[in-house]
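As stored in my_file.pdb (PDB, C-alpha atoms):
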```pdb
ATOM      1  CA  MET A1080    -194.635-100.762   2.984
ATOM      2  CA  ALA A1081    -193.245-103.649   0.930
ATOM      3  CA  LYS A1082    -192.715-101.281  -1.974
ATOM      4  CA  LEU A1083    -190.804 -98.907   0.273
ATOM      5  CA  THR A1084    -188.597-101.729   1.581
ATOM      6  CA  ILE A1085    -187.838-102.937  -1.938
ATOM      7  CA  LEU A1086    -187.077 -99.391  -3.032
ATOM      8  CA  ALA A1087    -184.745 -98.894  -0.055
ATOM      9  CA  LEU A1088    -182.942-102.176  -0.802
ATOM     10  CA  LEU A1089    -182.521-101.225  -4.463
ATOM     11  CA  ALA A1090    -181.126 -97.828  -3.451
ATOM     12  CA  LEU A1091    -178.633 -99.480  -1.059
ATOM     13  CA  PHE A1092    -177.631-101.960  -3.744
ATOM     14  CA  ALA A1093    -177.086 -99.141  -6.276
ATOM     15  CA  ILE A1094    -175.002 -97.110  -3.803
ATOM     16  CA  ALA A1095    -172.895-100.143  -2.899
ATOM     17  CA  HIS A1096    -172.368-100.938  -6.571
ATOM     18  CA  LEU A1097    -171.299 -97.353  -7.352
ATOM     19  CA  ALA A1098    -168.941 -97.274  -4.377
ATOM     20  CA  THR A1099    -167.304-100.496  -5.567
ATOM     21  CA  ALA A1100    -166.918 -99.105  -9.079
ATOM     22  CA  PHE A1101    -165.102 -96.021  -7.789
ATOM     23  CA  ARG A1102    -162.654 -98.078  -5.711
ATOM     24  CA  THR A1103    -161.298-100.007  -8.663
ATOM     25  CA  THR A1104    -157.791 -98.809  -9.545
ATOM     26  CA  VAL A1105    -155.686-100.097 -12.381
ATOM     27  CA  THR A1106    -151.931 -99.660 -12.127
ATOM     28  CA  VAL A1107    -149.781-100.159 -15.192
ATOM     29  CA  VAL A1108    -146.037-100.456 -14.707
ATOM     30  CA  GLU A1109    -143.771-100.497 -17.712
ATOM     31  CA  GLU A1110    -141.225-103.244 -17.402
ATOM     32  CA  GLU A1111    -138.333-100.999 -18.466
ATOM     33  CA  ASP A1112    -138.957 -98.634 -15.547
ATOM     34  CA  PHE A1113    -139.689-101.364 -13.012
ATOM     35  CA  ASN A1114    -137.209-104.149 -13.759
ATOM     36  CA  PRO A1115    -134.095-103.459 -11.667
ATOM     37  CA  ALA A1116    -132.490-106.733 -12.733
ATOM     38  CA  ARG A1117    -130.368-105.302 -15.555
ATOM     39  CA  PRO A1118    -129.645-101.600 -14.967
ATOM     40  CA  GLN A1119    -126.388-101.725 -16.960
ATOM     41  CA  GLN A1120    -128.189-103.055 -20.016
ATOM     42  CA  ARG A1121    -130.959-100.484 -19.590
ATOM     43  CA  CYS A1122    -128.406 -97.665 -19.463
ATOM     44  CA  GLN A1123    -126.588 -99.010 -22.499
ATOM     45  CA  GLU A1124    -129.857 -99.096 -24.446
ATOM     46  CA  GLN A1125    -130.653 -95.516 -23.439
ATOM     47  CA  ILE A1126    -127.156 -94.351 -24.398
ATOM     48  CA  GLN A1127    -127.501 -96.015 -27.791
ATOM     49  CA  ARG A1128    -130.863 -94.299 -28.318
ATOM     50  CA  GLN A1129    -129.078 -91.012 -27.634
ATOM     51  CA  GLN A1130    -126.520 -91.787 -30.359
ATOM     52  CA  GLN A1131    -123.729 -92.593 -27.876
ATOM     53  CA  LEU A1132    -123.999 -88.938 -26.757
ATOM     54  CA  ARG A1133    -122.527 -87.902 -30.087
ATOM     55  CA  HIS A1134    -123.161 -84.209 -29.417
ATOM     56  CA  CYS A1135    -121.355 -84.477 -26.089
ATOM     57  CA  GLN A1136    -118.434 -86.091 -27.905
ATOM     58  CA  MET A1137    -118.364 -83.236 -30.406
ATOM     59  CA  TYR A1138    -118.515 -80.677 -27.599
ATOM     60  CA  LEU A1139    -115.646 -82.392 -25.763
ATOM     61  CA  LYS A1140    -113.614 -82.532 -28.958
ATOM     62  CA  GLU A1141    -114.150 -78.824 -29.673
ATOM     63  CA  LYS A1142    -113.600 -77.785 -26.060
ATOM     64  CA  SER A1143    -110.470 -79.855 -25.478
ATOM     65  CA  GLY A1144    -108.915 -78.906 -28.797
ATOM     66  CA  ARG A1145    -109.101 -75.192 -28.048
ATOM     67  CA  ARG A1146    -106.019 -73.287 -27.142
ATOM     68  CA  SER A1147    -105.955 -70.317 -24.831
ATOM     69  CA  SER A1148    -104.423 -68.118 -27.509
ATOM     70  CA  VAL A1149    -106.599 -65.158 -28.435
ATOM     71  CA  LEU A1150    -105.502 -65.563 -32.050
ATOM     72  CA  GLU A1151    -107.050 -69.036 -32.212
ATOM     73  CA  MET A1152    -110.402 -67.979 -30.809
ATOM     74  CA  SER A1153    -113.133 -67.449 -33.343
ATOM     75  CA  THR A1154    -116.840 -66.757 -33.258
ATOM     76  CA  ASP A1155    -117.508 -69.836 -35.380
ATOM     77  CA  ASN A1156    -115.803 -72.090 -32.833
ATOM     78  CA  ASN A1157    -117.781 -70.516 -30.002
ATOM     79  CA  ASP A1158    -121.031 -70.938 -31.939
ATOM     80  CA  ASP A1159    -120.199 -74.582 -32.674
ATOM     81  CA  GLN A1160    -119.353 -75.217 -29.033
ATOM     82  CA  GLU A1161    -122.593 -73.636 -27.831
ATOM     83  CA  GLN A1162    -124.618 -75.648 -30.329
ATOM     84  CA  TYR A1163    -122.899 -78.903 -29.342
ATOM     85  CA  LEU A1164    -123.352 -78.041 -25.656
ATOM     86  CA  ASP A1165    -127.090 -77.379 -26.097
ATOM     87  CA  GLN A1166    -127.558 -80.632 -28.000
ATOM     88  CA  CYS A1167    -125.392 -82.527 -25.502
ATOM     89  CA  CYS A1168    -127.487 -81.209 -22.614
ATOM     90  CA  GLN A1169    -130.623 -82.377 -24.369
ATOM     91  CA  GLN A1170    -129.147 -85.840 -24.842
ATOM     92  CA  LEU A1171    -128.222 -85.947 -21.136
ATOM     93  CA  ARG A1172    -131.753 -84.897 -20.142
ATOM     94  CA  ASN A1173    -133.095 -87.781 -22.229
ATOM     95  CA  LEU A1174    -131.130 -90.281 -20.109
ATOM     96  CA  ASN A1175    -132.226 -91.498 -16.694
ATOM     97  CA  GLU A1176    -130.221 -89.815 -13.950
ATOM     98  CA  GLN A1177    -128.389 -93.026 -13.057
ATOM     99  CA  CYS A1178    -127.233 -93.441 -16.686
ATOM    100  CA  ARG A1179    -125.785 -89.955 -17.295
ATOM    101  CA  CYS A1180    -122.296 -90.472 -15.880
ATOM    102  CA  LYS A1181    -122.027 -93.849 -17.602
ATOM    103  CA  GLY A1182    -123.002 -92.192 -20.883
ATOM    104  CA  LEU A1183    -120.446 -89.429 -20.399
ATOM    105  CA  GLN A1184    -117.794 -91.962 -19.494
ATOM    106  CA  GLU A1185    -118.508 -93.717 -22.792
ATOM    107  CA  ALA A1186    -118.289 -90.378 -24.643
ATOM    108  CA  VAL A1187    -114.920 -89.721 -22.975
ATOM    109  CA  ARG A1188    -113.696 -93.179 -23.967
ATOM    110  CA  GLN A1189    -114.725 -92.542 -27.580
ATOM    111  CA  GLN A1190    -112.907 -89.204 -27.618
ATOM    112  CA  GLN A1191    -109.821 -90.724 -25.976
ATOM    113  CA  GLN A1192    -109.659 -93.308 -28.750
ATOM    114  CA  GLN A1193    -109.995 -90.636 -31.427
ATOM    115  CA  THR A1194    -107.250 -88.579 -29.798
ATOM    116  CA  ARG A1195    -104.781 -91.464 -29.956
ATOM    117  CA  GLY A1196    -102.383 -90.977 -32.769
ATOM    118  CA  GLY A1197    -103.498 -87.407 -33.417
ATOM    119  CA  GLU A1198    -101.006 -85.657 -31.172
ATOM    120  CA  ARG A1199     -97.957 -86.970 -29.373
ATOM    121  CA  GLY A1200     -96.428 -86.803 -25.931
ATOM    122  CA  GLN A1201     -97.367 -84.159 -23.400
ATOM    123  CA  THR A1202     -99.758 -82.366 -25.769
ATOM    124  CA  GLU A1203    -101.799 -85.539 -26.289
ATOM    125  CA  GLN A1204    -101.891 -86.238 -22.549
ATOM    126  CA  SER A1205    -102.980 -82.717 -21.704
ATOM    127  CA  GLN A1206    -105.722 -82.859 -24.344
ATOM    128  CA  LYS A1207    -106.978 -86.142 -22.899
ATOM    129  CA  GLN A1208    -106.915 -84.638 -19.422
ATOM    130  CA  ARG A1209    -108.965 -81.646 -20.662
ATOM    131  CA  ILE A1210    -111.526 -84.057 -22.147
ATOM    132  CA  VAL A1211    -111.940 -85.836 -18.801
ATOM    133  CA  ASP A1212    -112.071 -82.589 -16.809
ATOM    134  CA  GLU A1213    -114.669 -81.061 -19.096
ATOM    135  CA  ALA A1214    -116.808 -84.228 -19.146
ATOM    136  CA  GLU A1215    -116.879 -84.285 -15.349
ATOM    137  CA  ARG A1216    -118.309 -80.740 -15.353
ATOM    138  CA  LEU A1217    -120.885 -81.282 -18.104
ATOM    139  CA  PRO A1218    -123.797 -82.244 -15.809
ATOM    140  CA  SER A1219    -123.363 -78.989 -13.913
ATOM    141  CA  ARG A1220    -123.195 -76.978 -17.131
ATOM    142  CA  CYS A1221    -126.367 -78.703 -18.301
ATOM    143  CA  GLU A1222    -128.031 -78.277 -14.910
ATOM    144  CA  VAL A1223    -128.858 -81.969 -14.570
ATOM    145  CA  SER A1224    -128.353 -84.387 -11.702
ATOM    146  CA  PRO A1225    -125.930 -85.599 -10.670
ATOM    147  CA  ARG A1226    -124.178 -82.233 -10.803
ATOM    148  CA  SER A1227    -120.819 -83.797 -11.605
ATOM    149  CA  CYS A1228    -119.338 -87.121 -12.577
ATOM    150  CA  THR A1229    -116.027 -88.510 -11.443
ATOM    151  CA  PHE A1230    -114.184 -90.760 -13.821
ATOM    152  CA  GLU A1231    -111.382 -93.068 -12.960
ATOM    153  CA  ARG A1232    -108.281 -91.884 -14.769
ATOM    154  CA  SER A1233    -107.636 -95.094 -16.646
ATOM    155  CA  PRO A1234    -103.990 -95.630 -17.646
ATOM    156  CA  ARG A1235    -105.124 -96.697 -21.098
ATOM    157  CA  TRP A1236    -106.655 -93.214 -21.540
ATOM    158  CA  PHE A1237    -103.320 -91.560 -20.942
TER     159      PHE A1237
END
```
Show me this structure written as structure tokens.
Amino acid sequence: MAKLTILALLALFAIAHLATAFRTTVTVVEEEDFNPARPQQRCQEQIQRQQQLRHCQMYLKEKSGRRSSVLEMSTDNNDDQEQYLDQCCQQLRNLNEQCRCKGLQEAVRQQQQQTRGGERGQTEQSQKQRIVDEAERLPSRCEVSPRSCTFERSPRWF
């Protein structure tokens, strides 16, 4: 009988030990994903890792520089635009959702600066407006969230 009692106690101890082992859970949280203290800095770091959305800048440059004239349309330009768009979309997908509009706003700012001095007057303003309009639609074209971005039309842009 004593042997049976000892055996029963050992079995209970083993079951309790196994149950405890299966309840142990380890949770690892990466600080970058968890730390909400500096979201602006986190976005800026992500944007830099995506080369300041260079492909989005190139797409905006190509798209805004196009004229509606059939004579100026070429297959090469369309191919370039599609390639830049594909690469831009990939760069946007690599950003956290909350950083995408900020990244596009930075790409717009870069293109606005490059446009300065290139054209004059109404033509320059309309090109800058096309850059902003196209950038606002990029998330939808890339099928990422948010579906659109709204940028403040800064007077220094125009």
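Nearest-residue note for Thr1202 (chain A): choosing from A:Pro1225, A:Gly1144, A:Leu1217, A:Gln1130, the minimum distance belongs to A:Gly1144, counting only C-alpha atoms.
Restricting the calculation to all atoms listed in the file, the smallest distance between Tyr1138 (chain A) and any of A:Glu1176, A:Glu1185, A:Glu1203, A:Glu1213 is found for A:Glu1213.
Nearest residue to Gln1208 (chain A), choosing from A:Asn1173, A:Ser1143, A:Asn1156, A:Lys1181 and counting all atoms listed in the file: A:Ser1143.
Here CA of Cys1228 (chain A) stands at a distance of 5.6 Å from CA of Cys1180 (chain A).
Computed from the coordinates, the CA of Asp1212 (chain A) to CA of Gln1177 (chain A) distance equals 19.7 Å.
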Rounded to one decimal, what separation in Å do you get between CA of Tyr1163 (chain A) and CA of Ala1214 (chain A)?
13.0 Å
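Shortest separation to Leu1132 (chain A) among A:Val1211, A:Leu1183, A:Ile1094, A:Leu1164 occurs at residue A:Leu1183, atoms counted being all atoms listed in the file.
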From the list A:Gln1204, A:Ser1219, A:Gln1189, A:Thr1084, which residue is nearest Leu1139 (chain A) when using only C-alpha atoms?
A:Gln1189
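Residue selection for this entry, given the PyMOL selection byres ((chain A and resi 1221) around 9), comprises Leu1164, Asp1165, Cys1167, Cys1168, Gln1169, Leu1171, Arg1172, Arg1216, Leu1217, Pro1218, Ser1219, Arg1220, Glu1222, Val1223, Ser1224 and Arg1226 of chain A.
Between Lys1142 (chain A) and the residues A:Met1080, A:Asp1159, A:Phe1230, A:Gln1170, the shortest atom-to-atom distance, using all atoms listed in the file, involves A:Asp1159.
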Near-Gln1131 (chain A) list (8 Å; all atoms listed in the file; drop same-chain fewer than 5 positions) as a ChimeraX atom specification:
/A:1126,1182,1185-1186
